[in-house]
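Chemist: I'm passing along coords-v7.cif; it holds mmCIF, C-alpha atoms.
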```
data_model
#
loop_
_atom_site.label_atom_id
_atom_site.label_comp_id
_atom_site.auth_asym_id
_atom_site.auth_seq_id
_atom_site.Cartn_x
_atom_site.Cartn_y
_atom_site.Cartn_z
CA MET A 51 154.83 82.94 79.32
CA LYS A 52 154.43 82.24 75.61
CA THR A 53 152.93 78.94 74.61
CA GLN A 54 153.76 77.13 71.38
CA THR A 55 150.61 75.78 69.83
CA LYS A 56 149.02 75.08 66.46
CA THR A 57 146.25 76.55 64.40
CA TRP A 58 144.39 75.64 61.21
CA ALA A 59 145.02 76.88 57.68
CA SER A 60 143.76 75.95 54.25
CA ARG A 61 146.14 74.47 51.73
CA GLY A 62 145.10 72.79 48.51
CA GLY A 63 141.50 72.60 49.69
CA ASP A 64 142.43 70.75 52.90
CA CYS A 65 142.52 72.07 56.46
CA ILE A 66 145.96 71.53 58.01
CA LEU A 67 147.68 72.44 61.28
CA LEU A 68 150.27 75.21 61.44
CA ASP A 69 152.47 76.24 64.36
CA PHE A 70 151.49 79.46 66.08
CA THR A 71 152.84 81.22 69.16
CA GLY A 72 150.16 82.43 71.52
CA SER A 73 150.07 83.60 75.12
CA MET A 74 146.96 81.83 76.47
CA SER A 75 146.77 78.42 78.10
CA ILE A 76 144.32 75.52 78.30
CA ASN A 77 144.47 73.98 81.76
CA THR A 78 142.65 70.75 80.87
CA PRO A 79 145.12 67.96 80.04
CA GLU A 80 144.79 65.85 76.92
CA GLN A 81 142.78 62.79 77.93
CA THR A 82 140.42 60.04 76.89
CA VAL A 83 136.81 60.42 78.01
CA GLN A 84 134.76 57.23 78.00
CA GLU A 85 131.00 56.99 78.22
CA ALA A 86 128.32 54.37 77.56
CA GLN A 87 126.11 54.61 74.50
CA GLY A 88 122.95 56.64 75.12
CA GLU A 89 124.42 58.65 78.02
CA THR A 90 125.55 62.28 78.17
CA VAL A 91 129.30 62.78 77.86
CA HIS A 92 131.26 65.75 79.19
CA LEU A 93 134.29 66.95 77.20
CA PRO A 94 136.26 69.36 79.42
CA CYS A 95 138.13 72.46 78.25
CA MET A 96 139.19 74.95 80.92
CA PHE A 97 141.36 77.87 79.79
CA THR A 98 143.13 80.97 81.09
CA LEU A 99 143.36 84.24 79.17
CA SER A 100 146.44 86.43 79.05
CA PRO A 101 146.42 90.22 79.54
CA GLU A 102 148.30 90.38 76.22
CA ASP A 103 145.26 88.98 74.41
CA GLN A 104 142.89 91.87 73.79
CA GLY A 105 140.75 90.79 70.84
CA PRO A 106 137.30 89.18 70.82
CA LEU A 107 137.02 85.68 72.27
CA ASP A 108 136.31 82.82 69.84
CA VAL A 109 135.86 79.20 70.93
CA GLU A 110 135.26 76.26 68.65
CA TRP A 111 135.15 72.50 68.98
CA LEU A 112 136.34 70.52 65.99
CA ARG A 113 136.16 66.86 65.06
CA LEU A 114 139.51 65.59 63.78
CA SER A 115 140.64 62.64 61.70
CA GLY A 116 143.79 61.31 60.06
CA PRO A 117 146.70 59.24 61.44
CA ASN A 118 147.94 62.17 63.54
CA ASN A 119 144.62 64.02 63.93
CA GLU A 120 145.85 66.52 61.36
CA VAL A 121 142.61 66.78 59.38
CA MET A 122 139.62 68.84 60.51
CA ASP A 123 136.47 66.91 59.59
CA HIS A 124 133.78 69.15 61.04
CA VAL A 125 133.16 72.20 63.20
CA VAL A 126 130.98 70.84 66.02
CA ILE A 127 130.05 74.03 67.90
CA LEU A 128 131.24 77.63 67.80
CA TYR A 129 131.18 80.61 70.18
CA SER A 130 131.95 83.98 68.58
CA ALA A 131 130.88 87.56 69.30
CA ASP A 132 128.81 86.32 72.26
CA LYS A 133 126.79 84.07 69.95
CA ILE A 134 126.68 80.27 69.83
CA CYS A 135 126.32 78.34 66.58
CA ASP A 136 125.71 74.60 66.93
CA ASP A 137 124.23 73.54 63.61
CA PHE A 138 127.39 72.93 61.58
CA TYR A 139 127.47 69.15 61.99
CA PRO A 140 124.14 67.40 61.26
CA ASP A 141 125.11 64.25 63.20
CA LEU A 142 125.39 66.26 66.43
CA LYS A 143 122.75 68.92 65.78
CA GLY A 144 120.64 69.41 68.90
CA ARG A 145 122.92 67.14 70.95
CA VAL A 146 125.92 69.38 71.69
CA HIS A 147 125.92 72.30 74.15
CA PHE A 148 128.41 74.43 76.04
CA THR A 149 128.12 73.60 79.75
CA SER A 150 128.78 77.14 80.99
CA ASN A 151 126.61 80.21 80.53
CA ASP A 152 129.73 82.37 80.84
CA ILE A 153 132.35 80.99 78.46
CA GLY A 154 134.50 84.06 78.97
CA SER A 155 135.09 82.96 82.57
CA GLY A 156 137.39 80.23 81.26
CA ASP A 157 135.10 77.22 80.76
CA ALA A 158 134.68 76.06 77.15
CA SER A 159 133.60 72.52 78.08
CA ILE A 160 130.77 70.86 76.17
CA ASN A 161 128.22 68.09 76.72
CA ILE A 162 127.08 65.70 74.00
CA THR A 163 123.76 64.04 74.82
CA SER A 164 122.54 60.61 73.79
CA ILE A 165 125.95 59.64 72.47
CA GLN A 166 126.28 56.95 69.82
CA LEU A 167 129.11 54.62 68.88
CA SER A 168 129.61 56.76 65.76
CA ASP A 169 130.40 59.80 67.96
CA ALA A 170 133.68 58.21 69.10
CA GLY A 171 136.81 59.96 67.89
CA THR A 172 139.13 62.89 68.53
CA TYR A 173 137.67 66.29 69.33
CA GLN A 174 139.66 69.51 69.64
CA CYS A 175 138.83 72.53 71.78
CA ARG A 176 140.29 75.64 70.17
CA VAL A 177 140.33 78.99 72.00
CA LYS A 178 141.34 82.21 70.25
CA ARG A 179 141.73 85.72 71.51
CA SER A 180 144.04 87.72 69.30
CA PRO A 181 146.93 87.25 69.13
CA GLY A 182 146.72 84.06 71.21
CA VAL A 183 145.46 80.69 69.98
CA VAL A 184 145.52 77.45 71.99
CA ASN A 185 144.25 73.94 71.24
CA ARG A 186 143.60 70.80 73.27
CA ASN A 187 142.60 67.36 71.95
CA ILE A 188 140.14 65.14 73.81
CA GLN A 189 139.60 61.53 72.75
CA LEU A 190 136.04 60.24 73.10
CA ALA A 191 135.47 56.49 73.50
CA VAL A 192 131.90 55.18 73.44
CA THR A 193 131.07 51.74 74.83
CA GLY A 194 128.03 49.67 74.01
CA PHE A 195 127.56 48.49 77.59
CA THR A 196 128.41 49.59 81.12
CA GLY A 197 130.86 46.76 81.88
CA GLY A 198 131.68 45.50 85.34
CA VAL A 199 132.38 48.70 87.28
CA ASN A 200 130.03 48.98 90.26
CA ILE A 201 129.77 51.91 92.70
CA THR A 202 128.66 50.42 96.01
CA THR A 203 128.02 53.76 97.75
CA PRO A 204 124.27 54.54 97.61
CA GLU A 205 122.92 57.90 96.55
CA GLN A 206 122.68 60.03 99.67
CA THR A 207 122.70 63.52 101.15
CA VAL A 208 125.77 64.66 103.06
CA GLN A 209 125.27 67.55 105.46
CA GLU A 210 128.07 69.60 106.95
CA ALA A 211 128.48 72.89 108.78
CA GLN A 212 129.99 75.88 107.04
CA GLY A 213 133.77 76.03 107.55
CA GLU A 214 134.11 72.30 108.25
CA THR A 215 135.41 69.48 106.02
CA ALA A 216 132.76 67.59 104.04
CA HIS A 217 133.35 63.95 103.11
CA LEU A 218 131.69 62.78 99.89
CA PRO A 219 131.91 58.97 99.69
CA CYS A 220 132.38 56.91 96.52
CA MET A 221 133.34 53.26 97.00
CA PHE A 222 133.53 51.03 93.93
CA THR A 223 134.49 47.58 92.69
CA LEU A 224 136.12 46.62 89.40
CA SER A 225 135.57 43.58 87.22
CA PRO A 226 138.52 41.49 85.95
CA GLU A 227 136.84 41.73 82.52
CA ASP A 228 137.60 45.45 82.34
CA GLN A 229 141.22 46.03 81.38
CA GLY A 230 142.88 49.39 80.86
CA PRO A 231 143.60 52.63 82.71
CA LEU A 232 141.46 53.75 85.63
CA PHE A 233 139.80 57.15 85.20
CA ILE A 234 137.92 58.83 88.05
CA ASP A 235 136.31 62.24 88.05
CA TRP A 236 133.99 64.26 90.27
CA MET A 237 131.62 66.76 88.68
CA LEU A 238 129.17 69.37 89.90
CA LEU A 239 125.71 68.91 88.37
CA THR A 240 122.91 71.40 87.74
CA GLY A 241 119.49 71.42 86.11
CA PRO A 242 116.03 70.32 87.28
CA GLU A 243 117.00 66.64 86.99
CA ASN A 244 120.74 67.11 87.59
CA GLU A 245 121.16 66.44 83.89
CA VAL A 246 123.73 69.17 83.21
CA VAL A 247 127.42 68.78 84.06
CA ASN A 248 128.33 72.22 85.37
CA ARG A 249 132.01 71.61 86.10
CA MET A 250 134.61 68.92 86.55
CA PHE A 251 136.66 69.84 89.63
CA ILE A 252 138.93 66.87 90.36
CA ALA A 253 140.03 63.89 88.28
CA SER A 254 142.52 61.03 88.32
CA LEU A 255 143.95 59.64 85.08
CA ALA A 256 146.86 57.23 84.63
CA GLY A 257 147.92 57.72 88.25
CA LYS A 258 147.94 61.52 88.07
CA ILE A 259 145.51 63.79 89.92
CA TYR A 260 144.19 67.00 88.39
CA ASP A 261 142.45 69.40 90.78
CA GLY A 262 142.85 72.83 89.22
CA PHE A 263 139.76 72.86 86.99
CA TYR A 264 137.47 74.88 89.28
CA GLN A 265 138.96 78.02 90.80
CA ASN A 266 136.41 78.15 93.65
CA MET A 267 137.59 74.76 94.93
CA LYS A 268 141.26 74.93 94.02
CA GLY A 269 143.29 73.74 97.01
CA ARG A 270 140.19 72.64 98.93
CA VAL A 271 139.34 69.27 97.33
CA LYS A 272 141.36 66.06 97.61
CA PHE A 273 140.88 62.33 97.20
CA THR A 274 140.85 60.73 100.65
CA GLY A 275 142.65 57.53 99.64
CA ASN A 276 146.25 57.17 98.52
CA ASP A 277 145.44 54.15 96.34
CA LEU A 278 142.42 54.73 94.12
CA TRP A 279 142.78 51.21 92.66
CA SER A 280 141.72 49.90 96.08
CA GLY A 281 138.17 51.02 95.31
CA ASP A 282 137.91 54.29 97.22
CA ALA A 283 137.26 57.39 95.10
CA SER A 284 135.87 59.44 98.00
CA ILE A 285 136.83 63.10 98.36
CA ASN A 286 137.06 65.70 101.09
CA ILE A 287 136.16 69.36 100.57
CA THR A 288 137.75 71.54 103.23
CA ASN A 289 136.34 74.80 104.57
CA VAL A 290 132.97 74.21 102.90
CA GLN A 291 130.87 77.25 102.09
CA ARG A 292 127.15 77.57 101.44
CA SER A 293 128.01 78.17 97.77
CA ASP A 294 129.47 74.62 97.67
CA ALA A 295 126.03 73.07 98.26
CA GLY A 296 124.65 71.12 95.35
CA THR A 297 124.67 67.76 93.58
CA TYR A 298 128.02 66.11 92.95
CA GLN A 299 128.66 63.10 90.74
CA CYS A 300 131.38 60.51 91.15
CA GLU A 301 132.24 58.74 87.89
CA VAL A 302 134.51 55.69 87.58
CA LEU A 303 135.68 54.33 84.23
CA HIS A 304 137.85 51.27 83.67
CA GLY A 305 138.20 49.67 80.26
CA ALA A 306 134.68 49.18 78.93
CA GLY A 307 133.19 49.67 82.38
CA ALA A 308 131.58 52.88 83.58
CA ALA A 309 129.50 53.81 86.62
CA LYS A 310 128.22 57.02 88.22
CA ARG A 311 126.78 57.99 91.58
CA ALA A 312 125.20 61.29 92.64
CA ILE A 313 125.82 62.71 96.13
CA GLN A 314 123.88 65.71 97.44
CA LEU A 315 125.81 68.16 99.62
CA THR A 316 123.99 70.55 101.94
CA VAL A 317 125.86 73.18 103.94
CA VAL A 318 124.35 74.72 107.07
CA GLY A 319 125.43 77.89 108.85
CA VAL A 320 127.39 77.58 112.04
CA GLU A 321 124.42 78.88 114.01
CA HIS A 322 122.36 75.86 112.85
CA ALA A 323 125.05 73.20 113.22
CA SER A 324 124.29 72.52 116.89
CA CYS A 325 120.79 71.36 115.95
CA PHE A 326 122.30 68.31 114.31
CA LEU A 327 124.75 67.32 117.07
#
```
Starting from the coordinates I provided, produce the structure as structure tokens.
Modeler:
Amino acid sequence: MKTQTKTWASRGGDCILLDFTGSMSINTPEQTVQEAQGETVHLPCMFTLSPEDQGPLDVEWLRLSGPNNEVMDHVVILYSADKICDDFYPDLKGRVHFTSNDIGSGDASINITSIQLSDAGTYQCRVKRSPGVVNRNIQLAVTGFTGGVNITTPEQTVQEAQGETAHLPCMFTLSPEDQGPLFIDWMLLTGPENEVVNRMFIASLAGKIYDGFYQNMKGRVKFTGNDLWSGDASINITNVQRSDAGTYQCEVLHGAGAAKRAIQLTVVGVEHASCFL
């Protein structure tokens, strides 16, 4: 199905948006991502290519400005011809990275490390593979403190047998001082210190649940509670496989408040499960 989108053009020395009909799609919804100053923020951008699009894959993240985000201020990071260029914008040089080693698989998400209040603004993920072009805007809000959100679930290791349902707990409390929408996401972490956000795989924003980010878990992950405002952001992963093992992070954001908790998941083969009964 064709998708109506917009692309950039130069007119009178300014970069402006023009309508363009492409055949690709970005699965990540437009959203506001909030993080505390000094932390690492994850800006998601999951996309799907169309068989009609046969050209080379180009991905770029832009920083926008203007009343309607119609002005391109800076190119933040670029992927083209299997090469990554991340030195366009001095303010973010050395602090912005693609989260995936295989962008062509459909993950153009980025991390910005050690974020500052000045990093707040509107960012656009733009994916191009001729003749298709698709864009998605992500709003970044940076807070100077963590607010009153508190995750009461301690860090822990959850162990489950292959083929069973794993329960990853995340109980939290909110502060009356924090006003605004409730945003909850679960991410898969990697790296020696679990410092890299590998993928977002389920999220709740403004009462809507998004669980189609990660193909390997699509249809297998769900929030366990019907009312996330009650303080239960726990999830279940059905039919767990050994490839699901790893470190997961529950993140809760509400107004100026933000909190995270890491949960380690280990998956044992059926032949070993009886040892733990």
Chemist: Can you spell out as a short mmCIF file (atom, residue, chain, number, x, y, z; two decimals) with C-alpha atoms, in the coordinates of the input the set of residues that the PyMOL selection byres ((chain A and resi 147) around 7) selects in the structure I just provided?
Modeler:
```cif
data_model
loop_
_atom_site.label_atom_id
_atom_site.label_comp_id
_atom_site.auth_asym_id
_atom_site.auth_seq_id
_atom_site.Cartn_x
_atom_site.Cartn_y
_atom_site.Cartn_z
CA ARG A 145 122.92 67.14 70.95
CA VAL A 146 125.92 69.38 71.69
CA PHE A 148 128.41 74.43 76.04
CA THR A 149 128.12 73.60 79.75
CA ILE A 160 130.77 70.86 76.17
CA ASN A 161 128.22 68.09 76.72
CA ILE A 162 127.08 65.70 74.00
#
```
Chemist: Please determine, counting all atoms listed in the file, which residue among A:Asp294, A:Asp108, A:Asp141, A:Glu210 has the shortest atom-to-atom distance to His124 (chain A).
Modeler: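 Going through A:Asp294, A:Asp108, A:Asp141, A:Glu210 one by one, the smallest distance to His124 (chain A) is for A:Asp141.
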Chemist: Pick from A:Met96, A:Val109, A:Leu303, A:Val317: nearest to Ser180 (chain A), with all atoms listed in the file counted?
Modeler: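 So, comparing all the options, the nearest one is A:Val109.
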Chemist: Hey, what comes out of the PyMOL selection byres ((chain A and resi 289) around 7) on this file? Could you write it as a compact mmCIF listing (two decimals) with C-alpha atoms, keeping the file's coordinate frame?
Modeler:
```txt
# COMPACT_ATOMS: atom_id res chain seq x y z
CA GLN A 212 129.99 75.88 107.04
CA GLY A 213 133.77 76.03 107.55
CA GLU A 214 134.11 72.30 108.25
CA THR A 215 135.41 69.48 106.02
CA ILE A 287 136.16 69.36 100.57
CA THR A 288 137.75 71.54 103.23
CA VAL A 290 132.97 74.21 102.90
CA GLN A 291 130.87 77.25 102.09
```
Chemist: Using only C-alpha atoms, which residues sit within 6 Å of region 258-272 of chain A once same-chain residues fewer than 3 positions away are excluded, as a PyMOL selection string?
Modeler: chain A and resi 251-255+285-288
Chemist: Which residue, A:Gln84, A:Asn118, A:Gln189, A:Gln166, has the smallest gap to Gly230 (chain A) when you use all atoms listed in the file?
Modeler: A:Gln84
Chemist: Looking at A:Ala312, A:Leu114, A:Cys175, A:Leu142, which one is nearest to Cys95 (chain A), with distances taken over all atoms listed in the file?
Modeler: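 Nearest candidate to Cys95 (chain A) out of A:Ala312, A:Leu114, A:Cys175, A:Leu142: A:Cys175.
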Chemist: What's the separation between CA of Lys310 (chain A) and CA of Glu80 (chain A), in Å to one decimal place?
Modeler: 21.9 Å
Chemist: Do a neighbour search on region 218-220 of chain A at 6 Å with all atoms listed in the file, toss out local chain neighbours closer than 4 positions, and write the hits as number ranges by chain.
Modeler: A: 203, 283-285
Chemist: Which of these residues is nearest to Met122 (chain A), using only C-alpha atoms: A:Ser155, A:Ala191, A:Glu110, A:Asn77?
Modeler: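 Distance minimum relative to Met122 (chain A) lands on A:Glu110.
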Chemist: Since I can't run it myself right now, could you work out what the PyMOL selection byres ((chain A and resi 245-247) around 12) selects here and report it as a PyMOL selection string?
Modeler: chain A and resi 89-94+146-151+157+159-164+235-244+248-251+296-301+312
Chemist: Go ahead and write the selection's residues with C-alpha atoms as a PDB file, in the coordinates of the input.
Modeler:
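Full text of out.pdb as output:
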```
ATOM      1  CA  GLU A  89     124.420  58.650  78.020  1.00  0.00           C
ATOM      2  CA  THR A  90     125.550  62.280  78.170  1.00  0.00           C
ATOM      3  CA  VAL A  91     129.300  62.780  77.860  1.00  0.00           C
ATOM      4  CA  HIS A  92     131.260  65.750  79.190  1.00  0.00           C
ATOM      5  CA  LEU A  93     134.290  66.950  77.200  1.00  0.00           C
ATOM      6  CA  PRO A  94     136.260  69.360  79.420  1.00  0.00           C
ATOM      7  CA  VAL A 146     125.920  69.380  71.690  1.00  0.00           C
ATOM      8  CA  HIS A 147     125.920  72.300  74.150  1.00  0.00           C
ATOM      9  CA  PHE A 148     128.410  74.430  76.040  1.00  0.00           C
ATOM     10  CA  THR A 149     128.120  73.600  79.750  1.00  0.00           C
ATOM     11  CA  SER A 150     128.780  77.140  80.990  1.00  0.00           C
ATOM     12  CA  ASN A 151     126.610  80.210  80.530  1.00  0.00           C
ATOM     13  CA  ASP A 157     135.100  77.220  80.760  1.00  0.00           C
ATOM     14  CA  SER A 159     133.600  72.520  78.080  1.00  0.00           C
ATOM     15  CA  ILE A 160     130.770  70.860  76.170  1.00  0.00           C
ATOM     16  CA  ASN A 161     128.220  68.090  76.720  1.00  0.00           C
ATOM     17  CA  ILE A 162     127.080  65.700  74.000  1.00  0.00           C
ATOM     18  CA  THR A 163     123.760  64.040  74.820  1.00  0.00           C
ATOM     19  CA  SER A 164     122.540  60.610  73.790  1.00  0.00           C
ATOM     20  CA  ASP A 235     136.310  62.240  88.050  1.00  0.00           C
ATOM     21  CA  TRP A 236     133.990  64.260  90.270  1.00  0.00           C
ATOM     22  CA  MET A 237     131.620  66.760  88.680  1.00  0.00           C
ATOM     23  CA  LEU A 238     129.170  69.370  89.900  1.00  0.00           C
ATOM     24  CA  LEU A 239     125.710  68.910  88.370  1.00  0.00           C
ATOM     25  CA  THR A 240     122.910  71.400  87.740  1.00  0.00           C
ATOM     26  CA  GLY A 241     119.490  71.420  86.110  1.00  0.00           C
ATOM     27  CA  PRO A 242     116.030  70.320  87.280  1.00  0.00           C
ATOM     28  CA  GLU A 243     117.000  66.640  86.990  1.00  0.00           C
ATOM     29  CA  ASN A 244     120.740  67.110  87.590  1.00  0.00           C
ATOM     30  CA  ASN A 248     128.330  72.220  85.370  1.00  0.00           C
ATOM     31  CA  ARG A 249     132.010  71.610  86.100  1.00  0.00           C
ATOM     32  CA  MET A 250     134.610  68.920  86.550  1.00  0.00           C
ATOM     33  CA  PHE A 251     136.660  69.840  89.630  1.00  0.00           C
ATOM     34  CA  GLY A 296     124.650  71.120  95.350  1.00  0.00           C
ATOM     35  CA  THR A 297     124.670  67.760  93.580  1.00  0.00           C
ATOM     36  CA  TYR A 298     128.020  66.110  92.950  1.00  0.00           C
ATOM     37  CA  GLN A 299     128.660  63.100  90.740  1.00  0.00           C
ATOM     38  CA  CYS A 300     131.380  60.510  91.150  1.00  0.00           C
ATOM     39  CA  GLU A 301     132.240  58.740  87.890  1.00  0.00           C
ATOM     40  CA  ALA A 312     125.200  61.290  92.640  1.00  0.00           C
TER      41      ALA A 312
END
```
